[in-house]
>>> print(open('protein.cif').read())   # mmCIF, C-alpha atoms
data_start
loop_
_atom_site.label_atom_id
_atom_site.label_comp_id
_atom_site.auth_asym_id
_atom_site.auth_seq_id
_atom_site.Cartn_x
_atom_site.Cartn_y
_atom_site.Cartn_z
CA MET O 1 98.67 49.76 -190.23
CA THR O 2 100.66 47.95 -187.56
CA VAL O 3 104.14 46.55 -188.12
CA LYS O 4 102.73 43.03 -187.88
CA LYS O 5 100.18 43.72 -190.63
CA ILE O 6 102.83 45.33 -192.84
CA ILE O 7 105.08 42.28 -192.49
CA ARG O 8 102.17 39.95 -193.20
CA LYS O 9 101.27 41.94 -196.31
CA LEU O 10 104.86 41.76 -197.56
CA LEU O 11 104.99 38.00 -197.00
CA PHE O 12 101.98 37.55 -199.28
CA GLN O 13 104.01 39.18 -202.08
CA ILE O 14 106.52 36.30 -202.09
CA LYS O 15 106.56 34.40 -205.37
CA ASN O 16 108.86 31.49 -204.62
CA PRO O 17 106.76 28.25 -204.45
CA PHE O 18 108.98 26.60 -201.84
CA VAL O 19 108.95 29.63 -199.53
CA VAL O 20 105.16 29.91 -199.91
CA TYR O 21 104.89 26.22 -199.05
CA LYS O 22 106.85 26.83 -195.85
CA LEU O 23 104.89 29.99 -194.98
CA ILE O 24 101.38 28.51 -195.21
CA PRO O 25 101.39 26.80 -191.77
CA LEU O 26 102.76 30.00 -190.21
CA LEU O 27 100.29 32.36 -191.90
CA SER O 28 97.27 30.14 -191.28
CA LYS O 29 97.81 29.30 -187.60
CA LYS O 30 94.49 30.83 -186.56
CA ASN O 31 92.56 29.63 -189.62
CA LEU O 32 90.29 26.81 -188.46
CA TYR O 33 89.73 25.64 -192.02
CA VAL O 34 93.38 24.97 -192.93
CA ASP O 35 94.50 21.37 -192.38
CA GLU O 36 98.28 20.95 -192.46
CA LYS O 37 97.95 17.44 -193.88
CA TYR O 38 97.00 19.12 -197.16
CA VAL O 39 100.34 20.97 -197.18
CA ASN O 40 102.39 17.92 -198.20
CA ASN O 41 104.93 16.93 -200.88
CA ASP O 42 102.25 16.58 -203.56
CA PHE O 43 101.07 20.08 -202.70
CA LEU O 44 104.62 21.40 -203.08
CA LYS O 45 104.91 19.74 -206.51
CA LEU O 46 101.66 21.40 -207.53
CA LEU O 47 102.90 24.81 -206.34
CA LYS O 48 106.08 24.42 -208.38
CA LYS O 49 103.98 23.52 -211.40
CA LEU O 50 101.81 26.61 -210.89
CA ASN O 51 104.72 29.02 -210.41
CA ARG O 52 105.06 32.55 -211.80
CA PHE O 53 102.19 33.89 -209.73
CA ASN O 54 102.41 37.54 -208.67
CA LYS O 55 101.21 37.11 -205.08
CA PHE O 56 99.14 34.80 -202.94
CA SER O 57 96.65 34.83 -200.08
CA ILE O 58 94.82 32.40 -197.82
CA SER O 59 91.05 32.81 -197.68
CA SER O 60 89.13 32.80 -194.40
CA THR O 61 87.56 29.51 -195.50
CA GLY O 62 90.89 27.77 -196.06
CA SER O 63 91.81 28.09 -199.73
CA LEU O 64 95.20 29.11 -201.10
CA ILE O 65 94.68 31.78 -203.75
CA LEU O 66 97.37 32.41 -206.36
CA PHE O 67 97.10 35.66 -208.30
CA TYR O 68 98.37 36.02 -211.87
CA SER O 69 97.97 38.90 -214.31
CA ASP O 70 95.06 37.26 -216.14
CA LYS O 71 93.78 34.53 -213.83
CA VAL O 72 93.31 33.36 -210.26
CA ILE O 73 93.93 29.82 -209.01
CA LYS O 74 92.31 28.40 -205.87
CA ILE O 75 93.64 25.31 -204.10
CA PRO O 76 91.85 23.74 -201.10
CA LEU O 77 93.84 23.54 -197.87
CA GLY O 78 91.32 21.44 -195.96
CA ASP O 79 88.22 19.27 -196.25
CA VAL O 80 85.83 22.18 -195.79
CA SER O 81 87.43 24.33 -198.51
CA LYS O 82 87.58 21.29 -200.81
CA GLU O 83 83.83 20.78 -200.46
CA SER O 84 83.19 24.52 -200.73
CA LEU O 85 85.16 24.89 -203.98
CA GLU O 86 83.41 21.85 -205.45
CA LYS O 87 79.97 23.20 -204.54
CA ASN O 88 80.92 26.63 -205.91
CA TYR O 89 81.82 25.02 -209.23
CA GLU O 90 78.57 23.04 -209.35
CA ASN O 91 76.50 26.17 -208.74
CA TYR O 92 78.56 28.12 -211.27
CA LEU O 93 77.56 25.55 -213.91
CA LEU O 94 73.96 25.66 -212.69
CA LEU O 95 73.80 29.44 -213.14
CA LYS O 96 75.72 29.25 -216.41
CA ASN O 97 72.86 27.20 -217.82
CA SER O 98 70.09 29.35 -216.38
CA GLU O 99 68.45 32.68 -217.06
CA PHE O 100 70.92 34.18 -214.54
CA LYS O 101 73.97 33.32 -216.67
CA ASP O 102 75.00 36.99 -216.91
CA PHE O 103 75.89 36.89 -213.21
CA VAL O 104 78.57 34.28 -213.95
CA ASP O 105 79.97 35.81 -217.13
CA TYR O 106 83.54 34.74 -216.42
CA LYS O 107 85.57 31.59 -216.90
CA LEU O 108 85.85 29.03 -214.12
CA CYS O 109 87.57 25.71 -214.85
CA LYS O 110 88.05 22.64 -212.69
CA PHE O 111 91.33 20.73 -212.73
CA ASP O 112 92.45 17.71 -210.76
CA LYS O 113 93.58 19.54 -207.60
CA TYR O 114 92.66 23.17 -208.18
CA TYR O 115 90.28 25.64 -209.83
CA GLU O 116 91.18 28.39 -212.27
CA MET O 117 89.11 31.49 -212.97
CA ASP O 118 89.38 34.82 -214.75
CA THR O 119 90.83 37.77 -212.90
CA LEU O 120 87.97 39.99 -211.76
CA GLU O 121 87.90 43.50 -210.34
CA THR O 122 86.54 44.64 -206.99
CA ILE O 123 83.93 47.39 -207.00
CA ASN O 124 82.43 49.86 -204.56
CA ILE O 125 78.74 49.14 -204.37
CA SER O 126 75.90 50.72 -202.39
CA ASN O 127 73.04 48.98 -200.64
CA HIS O 128 70.70 50.40 -203.29
CA GLU O 129 72.80 48.91 -206.09
CA VAL O 130 72.74 45.55 -204.34
CA GLU O 131 68.95 45.79 -204.16
CA LYS O 132 68.86 46.30 -207.94
CA ILE O 133 70.97 43.18 -208.46
CA LEU O 134 68.69 41.17 -206.20
CA ASP O 135 65.61 42.37 -208.08
CA TYR O 136 66.49 39.75 -210.72
CA PHE O 137 66.24 37.00 -208.12
CA ASN O 138 63.21 38.52 -206.38
CA ALA O 139 61.33 38.57 -209.69
CA LYS O 140 61.22 34.77 -209.44
CA SER O 141 59.74 34.75 -205.94
CA LYS O 142 57.02 32.31 -204.95
CA LYS O 143 55.25 31.29 -201.77
CA ILE O 144 56.37 28.03 -200.17
CA ARG O 145 56.30 26.33 -196.78
CA LEU O 146 59.46 26.84 -194.75
CA SER O 147 59.51 23.11 -193.98
CA SER O 148 60.10 22.34 -197.68
CA ILE O 149 63.59 23.93 -197.54
CA LYS O 150 64.52 23.22 -193.92
CA ASP O 151 66.75 20.24 -194.75
CA LYS O 152 68.64 22.25 -197.37
CA LEU O 153 69.10 25.58 -195.57
CA PHE O 154 68.86 24.66 -191.88
CA TYR O 155 70.44 21.21 -191.96
CA ASN O 156 72.55 21.84 -188.84
CA PHE O 157 69.81 23.60 -186.85
CA ASP O 158 69.08 20.70 -184.49
CA LYS O 159 72.79 19.87 -184.06
CA VAL O 160 73.62 23.46 -183.05
CA ASN O 161 70.75 23.57 -180.56
CA LYS O 162 71.96 20.31 -179.04
CA ILE O 163 75.52 21.69 -178.67
CA CYS O 164 74.14 24.82 -177.01
CA GLY O 165 71.75 22.90 -174.78
CA ILE O 166 68.77 24.74 -176.26
CA LYS O 167 65.50 22.83 -176.04
CA ASN O 168 62.85 25.50 -176.45
CA VAL O 169 63.73 26.98 -179.87
CA SER O 170 61.00 25.93 -182.25
CA PHE O 171 61.09 25.88 -186.02
CA GLU O 172 57.69 27.20 -187.03
CA ASP O 173 56.46 25.95 -190.39
CA ILE O 174 55.31 29.25 -191.85
CA GLU O 175 54.60 30.35 -195.40
CA ILE O 176 57.47 32.41 -196.81
CA GLU O 177 58.47 34.19 -200.00
CA SER O 178 61.18 32.13 -201.69
CA CYS O 179 63.53 33.10 -204.51
CA PRO O 180 67.03 32.24 -205.81
CA MET O 181 69.57 33.20 -203.13
CA HIS O 182 73.35 33.65 -203.19
CA GLY O 183 73.55 32.68 -199.53
CA ASP O 184 76.75 34.58 -198.67
CA LEU O 185 76.40 37.91 -200.44
CA THR O 186 79.15 40.30 -199.30
CA GLU O 187 81.18 43.13 -200.81
CA ASN O 188 83.94 40.62 -201.62
CA ASN O 189 81.57 38.39 -203.58
CA ILE O 190 80.27 41.07 -205.95
CA MET O 191 82.81 41.90 -208.64
CA GLN O 192 83.03 42.98 -212.26
CA ASN O 193 84.50 41.25 -215.28
CA LYS O 194 86.72 42.71 -217.98
CA ASN O 195 83.62 44.20 -219.64
CA LYS O 196 82.71 46.06 -216.42
CA GLN O 197 79.71 43.79 -215.95
CA ILE O 198 78.70 42.87 -212.40
CA VAL O 199 79.22 39.19 -211.57
CA LEU O 200 78.88 37.02 -208.47
CA ILE O 201 81.51 34.67 -207.05
CA ASP O 202 81.80 32.25 -204.09
CA LEU O 203 78.59 30.46 -204.95
CA ASP O 204 78.90 27.48 -202.62
CA ARG O 205 75.76 28.49 -200.69
CA PHE O 206 73.65 29.40 -203.72
CA VAL O 207 70.19 27.83 -203.90
CA MET O 208 67.31 28.26 -206.32
CA GLU O 209 64.85 28.15 -203.42
CA GLY O 210 66.14 30.56 -200.80
CA ILE O 211 64.43 33.13 -198.59
CA CYS O 212 63.58 36.54 -200.01
CA GLY O 213 65.40 39.34 -198.21
CA PHE O 214 68.16 37.21 -196.69
CA ASP O 215 70.79 38.18 -199.27
CA LEU O 216 70.28 41.90 -198.68
CA LEU O 217 70.16 41.43 -194.92
CA HIS O 218 73.35 39.36 -194.99
CA PHE O 219 75.09 42.00 -197.13
CA LYS O 220 74.14 44.80 -194.74
CA VAL O 221 75.10 42.83 -191.62
CA ASP O 222 78.47 41.79 -193.07
CA ARG O 223 79.28 45.33 -194.20
CA LYS O 224 78.30 46.84 -190.86
CA SER O 225 80.21 44.26 -188.79
CA LYS O 226 83.40 44.88 -190.79
CA ARG O 227 83.13 48.65 -190.55
CA LEU O 228 82.38 48.61 -186.83
CA LYS O 229 84.79 45.70 -186.24
CA VAL O 230 82.22 43.73 -184.26
CA SER O 231 80.69 40.28 -184.68
CA PHE O 232 77.61 39.73 -186.78
CA PHE O 233 75.80 38.79 -183.56
CA GLU O 234 76.41 42.32 -182.24
CA CYS O 235 75.03 43.83 -185.47
CA ILE O 236 71.88 41.73 -185.16
CA LYS O 237 71.42 42.84 -181.55
CA GLN O 238 71.67 46.47 -182.64
CA MET O 239 69.10 45.88 -185.38
CA ILE O 240 66.73 44.28 -182.87
CA ASP O 241 67.20 47.13 -180.38
CA ASN O 242 66.60 49.73 -183.09
CA SER O 243 63.69 47.80 -184.63
CA GLN O 244 65.35 48.16 -188.04
CA VAL O 245 64.17 44.78 -189.31
CA ASN O 246 61.29 42.50 -188.37
CA LYS O 247 62.41 40.59 -185.26
CA ASN O 248 61.05 37.23 -186.45
CA LYS O 249 62.96 37.60 -189.71
CA LEU O 250 66.17 38.39 -187.82
CA PHE O 251 65.78 35.32 -185.62
CA LEU O 252 65.18 33.16 -188.69
CA TYR O 253 68.28 34.65 -190.30
CA ILE O 254 70.36 33.83 -187.19
CA LYS O 255 69.15 30.22 -187.34
CA TYR O 256 70.03 30.05 -191.03
CA ARG O 257 73.47 31.61 -190.70
CA VAL O 258 74.56 29.52 -187.72
CA SER O 259 73.24 26.38 -189.42
CA GLN O 260 75.40 27.20 -192.44
CA GLU O 261 78.56 28.11 -190.52
CA HIS O 262 78.48 25.17 -188.12
CA ASN O 263 80.52 22.35 -189.62
CA LEU O 264 81.18 18.90 -188.21
CA LYS O 265 84.75 19.02 -189.54
CA VAL O 266 85.68 22.29 -187.83
CA LYS O 267 85.21 23.22 -184.18
CA LEU O 268 84.12 26.85 -183.90
CA ASP O 269 85.01 28.96 -180.89
CA LYS O 270 82.82 28.46 -177.81
CA ASN O 271 81.96 32.19 -177.83
CA TYR O 272 80.27 31.69 -181.19
CA TYR O 273 77.77 29.23 -179.73
CA ASP O 274 77.39 31.28 -176.54
CA ASN O 275 76.44 34.32 -178.63
CA TYR O 276 73.89 32.27 -180.55
CA LYS O 277 72.43 30.87 -177.33
CA SER O 278 72.12 34.35 -175.77
CA PHE O 279 69.54 35.39 -178.37
CA PHE O 280 67.17 32.64 -177.37
CA ASN O 281 67.76 33.03 -173.64
CA ASP O 282 66.55 36.62 -173.99
CA GLU O 283 63.72 35.82 -176.37
#
>>> encode(input="protein.cif", output="structure tokens")
Amino acid sequence: MTVKKIIRKLLFQIKNPFVVYKLIPLLSKKNLYVDEKYVNNDFLKLLKKLNRFNKFSISSTGSLILFYSDKVIKIPLGDVSKESLEKNYENYLLLKNSEFKDFVDYKLCKFDKYYEMDTLETINISNHEVEKILDYFNAKSKKIRLSSIKDKLFYNFDKVNKICGIKNVSFEDIEIESCPMHGDLTENNIMQNKNKQIVLIDLDRFVMEGICGFDLLHFKVDRKSKRLKVSFFECIKQMIDNSQVNKNKLFLYIKYRVSQEHNLKVKLDKNYYDNYKSFFNDE
């Protein structure tokens, strides 16, 4: 661990609300989702009210996370994280009232300016164990036309193509296997509650009508990209070169993921769009 990382880790152990308030702009300089207008006097008052936390962190999607011994509090630091936390809460309630309620067997409460949830534990999980979790969703699979979910899953598809100057990427209306889908299944989003039961968090991309196989593919790509310290685009290229996954499915996954990550309120790096464009230049 470098000196810079050690210092950063120590800073996240600070418990003084005022110091944390001052540190947020410094620690989130490269975070596209943090908007400094959220870090105002009202925010400072809220931090003082929510004191006695043990440590804090800033998520990659722009939320301040306060850790306590028995709970976690999340506060949005930008428009995108505000919408994401709201959607997460809506889908939590949706699952809570469904046959998949065991996957959200933890407390999540909404307050005026923040969300509070139970403290959960991280777990080491294999690809095979993830497949077993997803069997519950896959059991509800059905055949549908891709066009019936385009507006919900690929809502930014045309906008991204326009930004990239892509005119020849079609969206074929094929028949697919659809099932409930987490939408952003990663190692960090699979945890266990106090009863050692596996639960799912960060549900802002959850849909009842998703695409079978995408959750497992996303999990594998995310895990591989983190371990190899490369972009998810590079992982997809390796999968295509090695013929590990059906090429058409991989291209559909790229379209889905970029559609989800493109946001009108945040300008992603130009390299991101260049990487996306390169797939279809080579197609």
>>> closest_residue(input="protein.cif", among="O:Tyr21, O:Tyr136, O:Leu153, O:Gln238", to="Asn41 (chain O)", atoms="all atoms listed in the file")
O:Tyr21
>>> closest_residue(input="protein.cif", among="O:Val266, O:Ile14, O:Ile133, O:Val169", to="Val34 (chain O)", atoms="all atoms listed in the file")
O:Val266
>>> residues_around(input="protein.cif", residues="Leu27 (chain O)", least_positions_apart="5", cutoff="12 Å", atoms="only C-alpha atoms", output="PyMOL selection string")
chain O and resi 4-5+7-12+19-22+32+34+36+56-60+62+64
>>> closest_residue(input="protein.cif", among="O:Ile236, O:Ile149, O:Leu46, O:Cys212", to="Pro76 (chain O)", atoms="all atoms listed in the file")
O:Leu46
>>> residues_around(input="protein.cif", residues="Asp102 (chain O)", least_positions_apart="6", cutoff="12 Å", atoms="all atoms listed in the file", output="MDAnalysis selection string")
chainID O and resid 92 95:96 133 136 192:193 195:200
>>> atom_distance(input="protein.cif", atom1="CA of Val130 (chain O)", atom2="CA of Tyr253 (chain O)")
18.3 Å
>>> closest_residue(input="protein.cif", among="O:Ile75, O:Leu66, O:Ile201, O:Val230", to="Lys107 (chain O)", atoms="only C-alpha atoms")
O:Ile201
>>> atom_distance(input="protein.cif", atom1="CA of Leu85 (chain O)", atom2="CA of Cys109 (chain O)")
11.2 Å
>>> atom_distance(input="protein.cif", atom1="CA of Gln13 (chain O)", atom2="CA of Asn54 (chain O)")
7.0 Å
>>> resolve_selection(input="protein.cif", expression="the PyMOL selection byres ((chain O and resi 161) around 12)", output="VMD selection string")
chain O and resid 154 to 160 162 to 171 255 258 to 259 262 273 to 274 276 to 278 280
>>> residues_around(input="protein.cif", residues="Lys224 (chain O)", least_positions_apart="3", cutoff="12 Å", atoms="only C-alpha atoms", output="list in words")
Asn127, Thr186, Glu187, Leu217, His218, Phe219, Lys220, Val221, Arg227, Leu228, Lys229, Val230, Ser231, Phe232, Phe233, Glu234, Cys235, Ile236, Gln238 and Met239 of chain O
>>> decode(input="protein.cif", residues="region 175-197 of chain O", atoms="N, CA and C atoms", output="PDB file, in the first residue's frame")
ATOM      1  N   GLU O 175     -36.208 -12.412 -29.742  1.00  0.00           N
ATOM      2  CA  GLU O 175     -36.862 -13.031 -28.586  1.00  0.00           C
ATOM      3  C   GLU O 175     -35.781 -13.415 -27.579  1.00  0.00           C
ATOM      4  N   ILE O 176     -35.986 -13.064 -26.323  1.00  0.00           N
ATOM      5  CA  ILE O 176     -34.988 -13.350 -25.288  1.00  0.00           C
ATOM      6  C   ILE O 176     -35.639 -14.020 -24.086  1.00  0.00           C
ATOM      7  N   GLU O 177     -34.798 -14.613 -23.251  1.00  0.00           N
ATOM      8  CA  GLU O 177     -35.245 -15.134 -21.961  1.00  0.00           C
ATOM      9  C   GLU O 177     -35.138 -14.004 -20.944  1.00  0.00           C
ATOM     10  N   SER O 178     -36.244 -13.667 -20.318  1.00  0.00           N
ATOM     11  CA  SER O 178     -36.268 -12.580 -19.342  1.00  0.00           C
ATOM     12  C   SER O 178     -36.555 -13.118 -17.948  1.00  0.00           C
ATOM     13  N   CYS O 179     -35.948 -12.482 -16.946  1.00  0.00           N
ATOM     14  CA  CYS O 179     -36.184 -12.861 -15.554  1.00  0.00           C
ATOM     15  C   CYS O 179     -35.858 -11.660 -14.669  1.00  0.00           C
ATOM     16  N   PRO O 180     -36.229 -11.690 -13.388  1.00  0.00           N
ATOM     17  CA  PRO O 180     -35.814 -10.607 -12.480  1.00  0.00           C
ATOM     18  C   PRO O 180     -34.295 -10.457 -12.512  1.00  0.00           C
ATOM     19  N   MET O 181     -33.817  -9.217 -12.451  1.00  0.00           N
ATOM     20  CA  MET O 181     -32.381  -8.952 -12.608  1.00  0.00           C
ATOM     21  C   MET O 181     -31.934  -7.850 -11.654  1.00  0.00           C
ATOM     22  N   HIS O 182     -30.852  -8.114 -10.917  1.00  0.00           N
ATOM     23  CA  HIS O 182     -30.300  -7.102 -10.015  1.00  0.00           C
ATOM     24  C   HIS O 182     -29.816  -5.891 -10.803  1.00  0.00           C
ATOM     25  N   GLY O 183     -29.092  -6.131 -11.876  1.00  0.00           N
ATOM     26  CA  GLY O 183     -28.654  -5.056 -12.755  1.00  0.00           C
ATOM     27  C   GLY O 183     -27.252  -4.534 -12.491  1.00  0.00           C
ATOM     28  N   ASP O 184     -26.740  -4.757 -11.284  1.00  0.00           N
ATOM     29  CA  ASP O 184     -25.374  -4.310 -10.951  1.00  0.00           C
ATOM     30  C   ASP O 184     -24.782  -5.261  -9.918  1.00  0.00           C
ATOM     31  N   LEU O 185     -24.870  -6.552 -10.212  1.00  0.00           N
ATOM     32  CA  LEU O 185     -24.451  -7.570  -9.247  1.00  0.00           C
ATOM     33  C   LEU O 185     -22.930  -7.668  -9.202  1.00  0.00           C
ATOM     34  N   THR O 186     -22.353  -7.300  -8.062  1.00  0.00           N
ATOM     35  CA  THR O 186     -20.907  -7.359  -7.845  1.00  0.00           C
ATOM     36  C   THR O 186     -20.639  -7.978  -6.479  1.00  0.00           C
ATOM     37  N   GLU O 187     -19.367  -8.229  -6.195  1.00  0.00           N
ATOM     38  CA  GLU O 187     -18.995  -8.770  -4.881  1.00  0.00           C
ATOM     39  C   GLU O 187     -19.441  -7.844  -3.753  1.00  0.00           C
ATOM     40  N   ASN O 188     -19.400  -6.538  -4.001  1.00  0.00           N
ATOM     41  CA  ASN O 188     -19.762  -5.565  -2.964  1.00  0.00           C
ATOM     42  C   ASN O 188     -21.256  -5.497  -2.699  1.00  0.00           C
ATOM     43  N   ASN O 189     -22.055  -6.027  -3.620  1.00  0.00           N
ATOM     44  CA  ASN O 189     -23.507  -5.937  -3.482  1.00  0.00           C
ATOM     45  C   ASN O 189     -24.158  -7.220  -2.996  1.00  0.00           C
ATOM     46  N   ILE O 190     -23.327  -8.216  -2.682  1.00  0.00           N
ATOM     47  CA  ILE O 190     -23.815  -9.467  -2.091  1.00  0.00           C
ATOM     48  C   ILE O 190     -23.241  -9.557  -0.684  1.00  0.00           C
ATOM     49  N   MET O 191     -24.108  -9.526   0.316  1.00  0.00           N
ATOM     50  CA  MET O 191     -23.647  -9.491   1.702  1.00  0.00           C
ATOM     51  C   MET O 191     -24.443 -10.487   2.536  1.00  0.00           C
ATOM     52  N   GLN O 192     -24.187 -10.504   3.830  1.00  0.00           N
ATOM     53  CA  GLN O 192     -24.990 -11.353   4.708  1.00  0.00           C
ATOM     54  C   GLN O 192     -25.440 -10.565   5.923  1.00  0.00           C
ATOM     55  N   ASN O 193     -26.641 -10.904   6.399  1.00  0.00           N
ATOM     56  CA  ASN O 193     -27.190 -10.203   7.560  1.00  0.00           C
ATOM     57  C   ASN O 193     -26.707 -10.844   8.850  1.00  0.00           C
ATOM     58  N   LYS O 194     -27.241 -10.386   9.956  1.00  0.00           N
ATOM     59  CA  LYS O 194     -26.780 -10.883  11.262  1.00  0.00           C
ATOM     60  C   LYS O 194     -27.062 -12.366  11.457  1.00  0.00           C
ATOM     61  N   ASN O 195     -27.991 -12.917  10.660  1.00  0.00           N
ATOM     62  CA  ASN O 195     -28.310 -14.343  10.741  1.00  0.00           C
ATOM     63  C   ASN O 195     -27.519 -15.172   9.729  1.00  0.00           C
ATOM     64  N   LYS O 196     -26.500 -14.551   9.130  1.00  0.00           N
ATOM     65  CA  LYS O 196     -25.632 -15.192   8.134  1.00  0.00           C
ATOM     66  C   LYS O 196     -26.394 -15.571   6.861  1.00  0.00           C
ATOM     67  N   GLN O 197     -27.463 -14.871   6.602  1.00  0.00           N
ATOM     68  CA  GLN O 197     -28.264 -15.105   5.406  1.00  0.00           C
ATOM     69  C   GLN O 197     -27.813 -14.154   4.299  1.00  0.00           C
TER      70      GLN O 197
END
